[in-house]
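What follows is a short report on a single structure.
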Amino acid sequence: MFQDIAPHRFSNVFFKDAIHPEDVLLCYNGNHVLLQPMGEGDYALPRACQLPQQAAMEAIYLFSVDKTRYFGFWHPHTVGDVPGLFWQSTQVLRTVKDPVTLFAGMEGWHLYRWFRVNRFCGHCGKPMELKGDERAVICPECGNVVYPRINPAIIVAVENQGKLLLARNASSPPGRYGLIAGFVEFGESLEDTVRREVREEVGLKVTDVQYYNSQPWPFSESLMLGFFARVEGDAQLHPDKKEIAEAKWVSPEELPPPVSRISIAQELMQEFKRRKMEE
């Protein structure tokens, strides 16, 4: 998965420091990120020395990977045209060859979106300020504190008689299948969410809900929690036609090859295949 960057080490310890020329400066504009082309469709993240000095001086520390420090902007900042750098969709990060570039680019985008929607206090409307002792923003007027948003969500590999449930989201193109997933609602345990999402989306009742693994997923500001579950009773599929356009049961041999290995969805599919091949 994309966060598995070992032997590199990620540190999200909070502190304040000035940016240096060789630090990475993460620049975003909506759903776009500023990147340096490296040839053959690959990209790198820009260093502070490649950007205008005024822009670099307004950056704040975000996190580090090994000894490389990553900075970004708290207030909106317009970075104009920079020689050798180009704005690309954040989806391009999925294709870069360097796993640290993928990881840092996605985590920086998570923080950028959090900053962008918390410039003003949701309680009294006053401008927010960066908190000095932790990664948070605070309202100087009413004291409201807001931390980076993380949405818990489940994703589940549902099994029945040696086959895996695959579903196509209504917004996905024909032929692109995945697993059942959804956000945790208030008052629910994670296991409750698994049972509700499967029932709502394809009309199945599941049992033996077992936790497998987790993954941060900055594209939806989520923490994805992966599960396995088995069908209880009738295995007839009834896609809701709202979120799920179609669903089917597939054997391990019929599983499509992974498009990439950055997501927990692909890991769950491959783990299902591995287990069945060993039985």
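Residue names in the structure tokens use chain letters A, B, ... in the order shown, residue numbers from 1 in each chain, and ligand numbers from 1 in the order shown.
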For Glu58 in chain A, find every residue with an atom within 10 Å (counting only C-alpha atoms), except residues of its own chain fewer than 4 positions away, and show them as a compact mmCIF listing (two decimals) with C-alpha atoms, in the first residue's frame.
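File written: part.txt
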# COMPACT_ATOMS: atom_id res chain seq x y z
CA ALA A 18 12.02 28.03 9.01
CA ILE A 19 12.27 26.53 5.55
CA GLN A 53 11.78 33.27 -2.34
CA GLN A 54 8.71 35.11 -1.05
CA PHE A 71 6.55 22.36 3.90
CA GLY A 72 3.24 23.78 2.66
CA PHE A 73 1.04 26.85 2.92
CA TRP A 74 -1.44 27.69 5.66
CA HIS A 75 -2.99 30.69 3.90
CA HIS A 77 -0.86 31.32 -1.84
Exercise. As a PyMOL selection string, which residues of range 26-265 of chain A does DSSP assign to helix (DSSP H, G or I)?
Worked result: chain A and resi 48-50+53-57+90-95+99-117+190-202+218-220+252-254+264-265
Residues from the last selection, N, CA and C atoms, saved as a compact mmCIF listing (two decimals), in the first residue's frame:
# COMPACT_ATOMS: atom_id res chain seq x y z
N ALA A 48 12.38 24.03 -2.27
CA ALA A 48 12.12 25.44 -2.00
C ALA A 48 12.97 26.35 -2.88
N CYS A 49 14.18 25.92 -3.19
CA CYS A 49 15.08 26.76 -3.99
C CYS A 49 14.60 26.93 -5.43
N GLN A 50 13.65 26.10 -5.88
CA GLN A 50 13.12 26.21 -7.23
C GLN A 50 11.97 27.21 -7.32
N GLN A 53 11.37 33.18 -3.73
CA GLN A 53 11.78 33.27 -2.34
C GLN A 53 10.64 33.70 -1.42
N GLN A 54 9.81 34.63 -1.88
CA GLN A 54 8.71 35.11 -1.05
C GLN A 54 7.73 33.98 -0.75
N ALA A 55 7.46 33.14 -1.76
CA ALA A 55 6.56 32.01 -1.54
C ALA A 55 7.15 31.05 -0.51
N ALA A 56 8.44 30.75 -0.65
CA ALA A 56 9.08 29.83 0.28
C ALA A 56 9.05 30.36 1.71
N MET A 57 9.22 31.66 1.88
CA MET A 57 9.27 32.23 3.22
C MET A 57 7.93 32.16 3.94
N THR A 90 -3.73 15.86 -9.07
CA THR A 90 -3.20 15.05 -7.97
C THR A 90 -3.30 13.56 -8.27
N GLN A 91 -4.17 13.17 -9.21
CA GLN A 91 -4.26 11.76 -9.58
C GLN A 91 -2.96 11.27 -10.22
N VAL A 92 -2.18 12.20 -10.77
CA VAL A 92 -0.89 11.83 -11.37
C VAL A 92 0.04 11.23 -10.33
N LEU A 93 -0.13 11.63 -9.07
CA LEU A 93 0.73 11.09 -8.01
C LEU A 93 0.67 9.56 -7.94
N ARG A 94 -0.47 8.99 -8.32
CA ARG A 94 -0.62 7.53 -8.28
C ARG A 94 0.36 6.83 -9.23
N THR A 95 0.86 7.57 -10.23
CA THR A 95 1.68 6.94 -11.26
C THR A 95 3.18 7.15 -11.06
N PRO A 99 8.11 5.83 -4.30
CA PRO A 99 7.04 5.70 -3.30
C PRO A 99 6.98 6.86 -2.32
N VAL A 100 8.10 7.49 -2.02
CA VAL A 100 8.10 8.61 -1.09
C VAL A 100 7.41 9.83 -1.73
N THR A 101 7.62 10.05 -3.02
CA THR A 101 6.93 11.13 -3.71
C THR A 101 5.42 10.93 -3.67
N LEU A 102 4.98 9.71 -3.93
CA LEU A 102 3.55 9.38 -3.85
C LEU A 102 3.03 9.66 -2.45
N PHE A 103 3.69 9.14 -1.44
CA PHE A 103 3.23 9.27 -0.06
C PHE A 103 3.20 10.73 0.37
N ALA A 104 4.30 11.44 0.18
CA ALA A 104 4.38 12.83 0.63
C ALA A 104 3.39 13.71 -0.13
N GLY A 105 3.26 13.48 -1.42
CA GLY A 105 2.33 14.29 -2.20
C GLY A 105 0.89 14.11 -1.76
N MET A 106 0.52 12.88 -1.42
CA MET A 106 -0.85 12.62 -0.99
C MET A 106 -1.10 13.15 0.42
N GLU A 107 -0.15 12.96 1.32
CA GLU A 107 -0.35 13.45 2.68
C GLU A 107 -0.35 14.98 2.74
N GLY A 108 0.47 15.61 1.91
CA GLY A 108 0.46 17.05 1.85
C GLY A 108 -0.87 17.59 1.34
N TRP A 109 -1.46 16.89 0.37
CA TRP A 109 -2.76 17.31 -0.17
C TRP A 109 -3.86 17.20 0.89
N HIS A 110 -3.77 16.17 1.73
CA HIS A 110 -4.71 16.02 2.84
C HIS A 110 -4.67 17.26 3.73
N LEU A 111 -3.45 17.67 4.13
CA LEU A 111 -3.32 18.83 5.00
C LEU A 111 -3.74 20.11 4.29
N TYR A 112 -3.43 20.24 3.00
CA TYR A 112 -3.83 21.42 2.24
C TYR A 112 -5.34 21.59 2.26
N ARG A 113 -6.09 20.50 2.04
CA ARG A 113 -7.55 20.60 2.02
C ARG A 113 -8.10 20.94 3.40
N TRP A 114 -7.45 20.42 4.45
CA TRP A 114 -7.86 20.76 5.81
C TRP A 114 -7.64 22.25 6.08
N PHE A 115 -6.48 22.77 5.71
CA PHE A 115 -6.21 24.20 5.88
C PHE A 115 -7.26 25.02 5.13
N ARG A 116 -7.54 24.61 3.89
CA ARG A 116 -8.40 25.40 3.01
C ARG A 116 -9.81 25.58 3.57
N VAL A 117 -10.35 24.54 4.23
CA VAL A 117 -11.73 24.62 4.71
C VAL A 117 -11.81 25.09 6.16
N LEU A 190 -17.37 -0.40 14.09
CA LEU A 190 -16.87 -0.70 12.75
C LEU A 190 -17.58 -1.91 12.15
N GLU A 191 -17.80 -2.92 13.00
CA GLU A 191 -18.48 -4.13 12.53
C GLU A 191 -19.92 -3.82 12.11
N ASP A 192 -20.58 -2.92 12.85
CA ASP A 192 -21.93 -2.50 12.47
C ASP A 192 -21.91 -1.84 11.09
N THR A 193 -20.90 -1.03 10.85
CA THR A 193 -20.80 -0.35 9.55
C THR A 193 -20.63 -1.35 8.43
N VAL A 194 -19.80 -2.37 8.64
CA VAL A 194 -19.63 -3.42 7.63
C VAL A 194 -20.97 -4.05 7.30
N ARG A 195 -21.69 -4.45 8.32
CA ARG A 195 -22.98 -5.13 8.09
C ARG A 195 -23.98 -4.20 7.40
N ARG A 196 -24.03 -2.93 7.82
CA ARG A 196 -24.98 -2.00 7.22
C ARG A 196 -24.65 -1.71 5.76
N GLU A 197 -23.38 -1.43 5.47
CA GLU A 197 -23.00 -1.09 4.10
C GLU A 197 -23.27 -2.24 3.13
N VAL A 198 -22.95 -3.45 3.53
CA VAL A 198 -23.19 -4.60 2.65
C VAL A 198 -24.69 -4.80 2.43
N ARG A 199 -25.45 -4.65 3.49
CA ARG A 199 -26.91 -4.81 3.37
C ARG A 199 -27.51 -3.73 2.49
N GLU A 200 -27.07 -2.47 2.69
CA GLU A 200 -27.65 -1.37 1.92
C GLU A 200 -27.26 -1.43 0.45
N GLU A 201 -26.03 -1.81 0.16
CA GLU A 201 -25.53 -1.69 -1.21
C GLU A 201 -25.83 -2.90 -2.09
N VAL A 202 -25.85 -4.09 -1.50
CA VAL A 202 -26.11 -5.28 -2.33
C VAL A 202 -27.13 -6.23 -1.71
N PRO A 218 -5.68 9.73 1.82
CA PRO A 218 -5.87 11.18 1.74
C PRO A 218 -6.85 11.64 0.67
N PHE A 219 -7.10 10.82 -0.36
CA PHE A 219 -8.01 11.26 -1.41
C PHE A 219 -9.40 11.56 -0.88
N SER A 220 -9.79 10.92 0.23
CA SER A 220 -11.08 11.23 0.85
C SER A 220 -10.91 11.58 2.33
N PRO A 252 -11.19 -17.00 -7.27
CA PRO A 252 -9.82 -16.45 -7.21
C PRO A 252 -9.17 -16.35 -8.58
N GLU A 253 -9.45 -17.33 -9.45
CA GLU A 253 -8.84 -17.32 -10.78
C GLU A 253 -9.40 -16.21 -11.66
N GLU A 254 -10.60 -15.78 -11.36
CA GLU A 254 -11.25 -14.75 -12.19
C GLU A 254 -10.93 -13.33 -11.74
N ILE A 264 -5.68 -0.41 -0.15
CA ILE A 264 -6.04 -1.55 0.67
C ILE A 264 -7.03 -2.45 -0.06
N ALA A 265 -7.80 -1.90 -1.00
CA ALA A 265 -8.72 -2.72 -1.77
C ALA A 265 -7.97 -3.80 -2.54
For this session: With a distance cut-off of 6 Å and only C-alpha atoms, select the neighbouring residues of Asp23 in chain A, excluding the residue or stretch itself and same-chain residues fewer than 3 positions from it, and output the selection as a list of chain:residue names.
Result: A:His20, A:Arg47, A:Ala48, A:Arg69
For this session: Might you pull out every residue within 8 Å of range 155-168 of chain A, with only C-alpha atoms counted and same-chain residues fewer than 3 positions away left off, and present them as number ranges by chain?
Result: A: 172, 174-182, 194, 206, 224-231, 235, 244-252, 265, 268-269, 272, 276
Take the selection from the previous step and output its residues with N, CA, C and O atoms, as a short mmCIF file (atom, residue, chain, number, x, y, z; two decimals), in the first residue's frame.
data_model
loop_
_atom_site.label_atom_id
_atom_site.label_comp_id
_atom_site.auth_asym_id
_atom_site.auth_seq_id
_atom_site.Cartn_x
_atom_site.Cartn_y
_atom_site.Cartn_z
N SER A 172 -18.26 4.67 -11.59
CA SER A 172 -17.09 4.04 -12.21
C SER A 172 -17.43 3.60 -13.63
O SER A 172 -18.57 3.24 -13.92
N PRO A 174 -17.67 1.16 -16.97
CA PRO A 174 -17.93 -0.28 -17.11
C PRO A 174 -16.64 -1.09 -17.03
O PRO A 174 -15.62 -0.70 -17.60
N GLY A 175 -16.70 -2.20 -16.29
CA GLY A 175 -15.55 -3.07 -16.18
C GLY A 175 -14.65 -2.79 -14.99
O GLY A 175 -13.76 -3.59 -14.70
N ARG A 176 -14.84 -1.66 -14.30
CA ARG A 176 -14.00 -1.35 -13.14
C ARG A 176 -14.74 -1.73 -11.86
O ARG A 176 -15.69 -1.07 -11.45
N TYR A 177 -14.28 -2.82 -11.26
CA TYR A 177 -14.92 -3.35 -10.06
C TYR A 177 -14.04 -3.17 -8.83
O TYR A 177 -12.81 -3.12 -8.93
N GLY A 178 -14.68 -3.10 -7.69
CA GLY A 178 -13.95 -3.00 -6.43
C GLY A 178 -14.71 -3.70 -5.33
O GLY A 178 -15.54 -4.59 -5.58
N LEU A 179 -14.44 -3.30 -4.10
CA LEU A 179 -15.07 -3.90 -2.93
C LEU A 179 -16.09 -2.94 -2.33
O LEU A 179 -16.07 -1.75 -2.59
N ILE A 180 -16.95 -3.49 -1.51
CA ILE A 180 -17.93 -2.66 -0.79
C ILE A 180 -17.20 -1.82 0.25
O ILE A 180 -16.37 -2.32 1.01
N ALA A 181 -17.52 -0.53 0.29
CA ALA A 181 -16.88 0.38 1.23
C ALA A 181 -17.87 1.47 1.61
O ALA A 181 -18.84 1.73 0.89
N GLY A 182 -17.60 2.12 2.74
CA GLY A 182 -18.48 3.21 3.17
C GLY A 182 -18.00 3.84 4.46
O GLY A 182 -17.21 3.24 5.21
N VAL A 194 -19.80 -2.37 8.64
CA VAL A 194 -19.63 -3.42 7.63
C VAL A 194 -20.97 -4.05 7.30
O VAL A 194 -21.36 -4.17 6.12
N VAL A 206 -24.27 -10.39 6.36
CA VAL A 206 -22.96 -10.99 6.55
C VAL A 206 -22.70 -11.28 8.01
O VAL A 206 -23.28 -10.67 8.92
N MET A 224 -9.01 4.12 6.16
CA MET A 224 -9.72 2.94 5.66
C MET A 224 -9.39 1.74 6.54
O MET A 224 -8.22 1.43 6.77
N LEU A 225 -10.43 1.06 7.00
CA LEU A 225 -10.27 -0.11 7.85
C LEU A 225 -10.80 -1.33 7.11
O LEU A 225 -11.99 -1.41 6.78
N GLY A 226 -9.89 -2.27 6.81
CA GLY A 226 -10.23 -3.40 5.97
C GLY A 226 -10.72 -4.59 6.77
O GLY A 226 -10.18 -4.92 7.83
N PHE A 227 -11.73 -5.28 6.23
CA PHE A 227 -12.33 -6.43 6.89
C PHE A 227 -12.57 -7.56 5.88
O PHE A 227 -12.66 -7.33 4.68
N PHE A 228 -12.68 -8.76 6.42
CA PHE A 228 -13.24 -9.89 5.71
C PHE A 228 -14.57 -10.24 6.37
O PHE A 228 -14.74 -10.04 7.58
N ALA A 229 -15.50 -10.77 5.58
CA ALA A 229 -16.79 -11.20 6.13
C ALA A 229 -17.35 -12.30 5.23
O ALA A 229 -16.96 -12.44 4.07
N ARG A 230 -18.27 -13.09 5.81
CA ARG A 230 -18.90 -14.18 5.05
C ARG A 230 -20.41 -13.92 4.95
O ARG A 230 -21.01 -13.34 5.86
N VAL A 231 -21.00 -14.38 3.86
CA VAL A 231 -22.44 -14.25 3.67
C VAL A 231 -23.16 -15.20 4.63
O VAL A 231 -22.76 -16.34 4.83
N ALA A 235 -27.39 -15.69 -0.87
CA ALA A 235 -26.28 -14.97 -1.49
C ALA A 235 -26.70 -14.27 -2.78
O ALA A 235 -25.84 -13.82 -3.54
N ILE A 244 -24.24 1.42 -6.16
CA ILE A 244 -23.70 0.24 -6.83
C ILE A 244 -24.51 -0.06 -8.09
O ILE A 244 -25.71 -0.34 -8.02
N ALA A 245 -23.85 0.01 -9.24
CA ALA A 245 -24.53 -0.23 -10.51
C ALA A 245 -24.70 -1.71 -10.78
O ALA A 245 -25.74 -2.15 -11.30
N GLU A 246 -23.70 -2.50 -10.42
CA GLU A 246 -23.77 -3.95 -10.64
C GLU A 246 -22.78 -4.64 -9.71
O GLU A 246 -21.83 -4.03 -9.22
N ALA A 247 -23.05 -5.92 -9.44
CA ALA A 247 -22.20 -6.71 -8.55
C ALA A 247 -22.17 -8.15 -9.03
O ALA A 247 -23.10 -8.61 -9.72
N LYS A 248 -21.10 -8.86 -8.68
CA LYS A 248 -20.97 -10.24 -9.12
C LYS A 248 -20.05 -11.00 -8.17
O LYS A 248 -19.27 -10.41 -7.42
N TRP A 249 -20.16 -12.33 -8.21
CA TRP A 249 -19.26 -13.21 -7.47
C TRP A 249 -18.18 -13.71 -8.42
O TRP A 249 -18.48 -14.10 -9.55
N VAL A 250 -16.92 -13.69 -7.98
CA VAL A 250 -15.83 -14.17 -8.82
C VAL A 250 -14.96 -15.14 -8.04
O VAL A 250 -14.78 -15.01 -6.82
N SER A 251 -14.42 -16.11 -8.73
CA SER A 251 -13.49 -17.06 -8.13
C SER A 251 -12.10 -16.42 -8.05
O SER A 251 -11.84 -15.41 -8.71
N PRO A 252 -11.19 -17.00 -7.27
CA PRO A 252 -9.82 -16.45 -7.21
C PRO A 252 -9.17 -16.35 -8.58
O PRO A 252 -8.45 -15.38 -8.87
N ALA A 265 -7.80 -1.90 -1.00
CA ALA A 265 -8.72 -2.72 -1.77
C ALA A 265 -7.97 -3.80 -2.54
O ALA A 265 -8.35 -4.99 -2.53
N LEU A 268 -6.63 -6.47 -0.10
CA LEU A 268 -7.67 -7.40 0.34
C LEU A 268 -7.97 -8.44 -0.74
O LEU A 268 -8.13 -9.63 -0.45
N MET A 269 -8.06 -7.99 -1.99
CA MET A 269 -8.32 -8.92 -3.09
C MET A 269 -7.21 -9.96 -3.23
O MET A 269 -7.47 -11.16 -3.38
N PHE A 272 -7.31 -12.41 -0.33
CA PHE A 272 -8.36 -13.41 -0.57
C PHE A 272 -7.86 -14.49 -1.53
O PHE A 272 -8.02 -15.69 -1.27
N LYS A 276 -7.24 -18.57 -0.65
CA LYS A 276 -7.97 -19.63 -1.34
C LYS A 276 -7.03 -20.56 -2.08
O LYS A 276 -7.31 -21.77 -2.18
#
Exercise. Of the candidates A:Arg149, A:Lys273, A:Lys241, A:Arg261, which shows the shortest atom-to-atom distance to Gln3 in chain A, using only C-alpha atoms?
Worked result: A:Arg261
Exercise. Excluding same-chain residues fewer than 6 positions from Asp81 in chain A, what lies within 10 Å of it counting only C-alpha atoms, as JSON, numbers by chain?
Worked result: {"A": [34, 51, 52, 87]}
Go ahead and dump the residues you just picked, C-alpha atoms, as a PDB file, in the first residue's frame.
ATOM      1  CA  LEU A  34       3.031  21.514  -8.733  1.00  0.00           C
ATOM      2  CA  LEU A  51      10.295  28.536  -6.145  1.00  0.00           C
ATOM      3  CA  PRO A  52      10.130  32.303  -5.605  1.00  0.00           C
ATOM      4  CA  TRP A  87       0.589  21.901 -12.492  1.00  0.00           C
TER       5      TRP A  87
END
Test item: residues at most 9 Å from Leu35 in chain A, only C-alpha atoms, excluding those fewer than 2 positions along its chain, as a tab-separated table (two decimals) with all heavy atoms, in the first residue's frame:
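Printed below is part.tsv as written:
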chain	number	residue	atom	x	y	z
A	26	LEU	N	5.52	21.80	-0.93
A	26	LEU	CA	4.34	21.23	-1.55
A	26	LEU	C	3.36	22.35	-1.90
A	26	LEU	O	2.90	23.08	-1.03
A	26	LEU	CB	3.68	20.23	-0.60
A	26	LEU	CG	4.54	19.02	-0.23
A	26	LEU	CD1	3.95	18.28	0.96
A	26	LEU	CD2	4.68	18.08	-1.42
A	27	CYS	N	3.04	22.47	-3.19
A	27	CYS	CA	2.16	23.54	-3.68
A	27	CYS	C	0.94	22.91	-4.34
A	27	CYS	O	1.08	22.10	-5.26
A	27	CYS	CB	2.89	24.42	-4.68
A	27	CYS	SG	4.40	25.19	-4.04
A	33	VAL	N	-1.38	19.72	-8.26
A	33	VAL	CA	-0.14	19.82	-7.49
A	33	VAL	C	0.98	20.23	-8.43
A	33	VAL	O	1.01	19.85	-9.61
A	33	VAL	CB	0.18	18.46	-6.81
A	33	VAL	CG1	0.27	17.33	-7.83
A	33	VAL	CG2	1.46	18.55	-5.98
A	37	PRO	N	8.74	17.52	-13.95
A	37	PRO	CA	8.85	16.34	-14.82
A	37	PRO	C	10.26	15.75	-14.75
A	37	PRO	O	11.25	16.48	-14.75
A	37	PRO	CB	8.55	16.89	-16.21
A	37	PRO	CG	7.82	18.17	-15.97
A	37	PRO	CD	8.38	18.74	-14.70
A	43	TYR	N	7.57	12.08	-12.18
A	43	TYR	CA	7.61	13.42	-11.61
A	43	TYR	C	8.29	13.41	-10.24
A	43	TYR	O	8.35	12.39	-9.57
A	43	TYR	CB	6.19	13.98	-11.43
A	43	TYR	CG	5.45	14.18	-12.73
A	43	TYR	CD1	4.67	13.15	-13.27
A	43	TYR	CD2	5.53	15.38	-13.42
A	43	TYR	CE1	3.98	13.33	-14.46
A	43	TYR	CE2	4.84	15.57	-14.61
A	43	TYR	CZ	4.07	14.54	-15.12
A	43	TYR	OH	3.39	14.72	-16.31
A	44	ALA	N	8.77	14.60	-9.86
A	44	ALA	CA	9.34	14.82	-8.53
A	44	ALA	C	8.67	16.04	-7.92
A	44	ALA	O	8.10	16.88	-8.62
A	44	ALA	CB	10.85	15.02	-8.61
A	45	LEU	N	8.75	16.14	-6.59
A	45	LEU	CA	8.22	17.31	-5.89
A	45	LEU	C	9.28	18.40	-5.85
A	45	LEU	O	10.47	18.11	-5.68
A	45	LEU	CB	7.82	16.90	-4.47
A	45	LEU	CG	6.69	15.88	-4.38
A	45	LEU	CD1	6.58	15.31	-2.98
A	45	LEU	CD2	5.36	16.51	-4.80
A	46	PRO	N	8.90	19.66	-6.00
A	46	PRO	CA	9.90	20.75	-6.08
A	46	PRO	C	10.53	21.07	-4.73
A	46	PRO	O	9.91	20.90	-3.67
A	46	PRO	CB	9.08	21.93	-6.58
A	46	PRO	CG	7.69	21.65	-6.12
A	46	PRO	CD	7.53	20.15	-6.18
A	84	GLY	N	10.31	25.07	-15.44
A	84	GLY	CA	10.62	23.68	-15.14
A	84	GLY	C	9.61	22.97	-14.27
A	84	GLY	O	9.74	21.77	-14.02
A	85	LEU	N	8.58	23.69	-13.79
A	85	LEU	CA	7.56	23.09	-12.93
A	85	LEU	C	6.19	23.24	-13.61
A	85	LEU	O	5.93	24.25	-14.26
A	85	LEU	CB	7.53	23.74	-11.55
A	85	LEU	CG	8.84	23.69	-10.75
A	85	LEU	CD1	8.65	24.41	-9.42
A	85	LEU	CD2	9.29	22.25	-10.53
A	86	PHE	N	5.32	22.25	-13.41
A	86	PHE	CA	4.02	22.25	-14.08
A	86	PHE	C	2.94	21.76	-13.13
A	86	PHE	O	3.16	20.88	-12.31
A	86	PHE	CB	4.07	21.36	-15.33
A	86	PHE	CG	5.07	21.79	-16.35
A	86	PHE	CD1	6.38	21.33	-16.30
A	86	PHE	CD2	4.71	22.69	-17.36
A	86	PHE	CE1	7.32	21.75	-17.23
A	86	PHE	CE2	5.65	23.10	-18.29
A	86	PHE	CZ	6.95	22.63	-18.23
A	87	TRP	N	1.74	22.35	-13.28
A	87	TRP	CA	0.59	21.90	-12.49
A	87	TRP	C	0.02	20.63	-13.11
A	87	TRP	O	-0.24	20.58	-14.31
A	87	TRP	CB	-0.48	22.98	-12.45
A	87	TRP	CG	-0.08	24.19	-11.66
A	87	TRP	CD1	0.36	25.38	-12.15
A	87	TRP	CD2	-0.07	24.31	-10.24
A	87	TRP	NE1	0.65	26.24	-11.12
A	87	TRP	CE2	0.38	25.62	-9.93
A	87	TRP	CE3	-0.39	23.45	-9.19
A	87	TRP	CZ2	0.52	26.06	-8.62
A	87	TRP	CZ3	-0.26	23.89	-7.89
A	87	TRP	CH2	0.18	25.19	-7.61
A	88	GLN	N	-0.16	19.61	-12.27
A	88	GLN	CA	-0.72	18.33	-12.71
A	88	GLN	C	-1.84	17.92	-11.76
A	88	GLN	O	-1.85	18.31	-10.58
A	88	GLN	CB	0.36	17.24	-12.71
A	88	GLN	CG	1.52	17.50	-13.64
A	88	GLN	CD	1.16	17.31	-15.09
A	88	GLN	OE1	0.18	16.65	-15.42
A	88	GLN	NE2	1.94	17.91	-15.98
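Comparing the minimum interatomic distances between Val82 in chain A and each of A:Gln36, A:Glu129, A:Leu62, A:Val24, counting only C-alpha atoms, we find that A:Gln36 sits nearest.
Across the model, the gap from CA of Glu188 in chain A to CA of Tyr211 in chain A is 15.4 Å.
Using only C-alpha atoms, the residues found no farther than 7 Å from Tyr147 in chain A, other than those of its own chain fewer than 4 positions away, are Arg135, Ala136 and Val137 of chain A.
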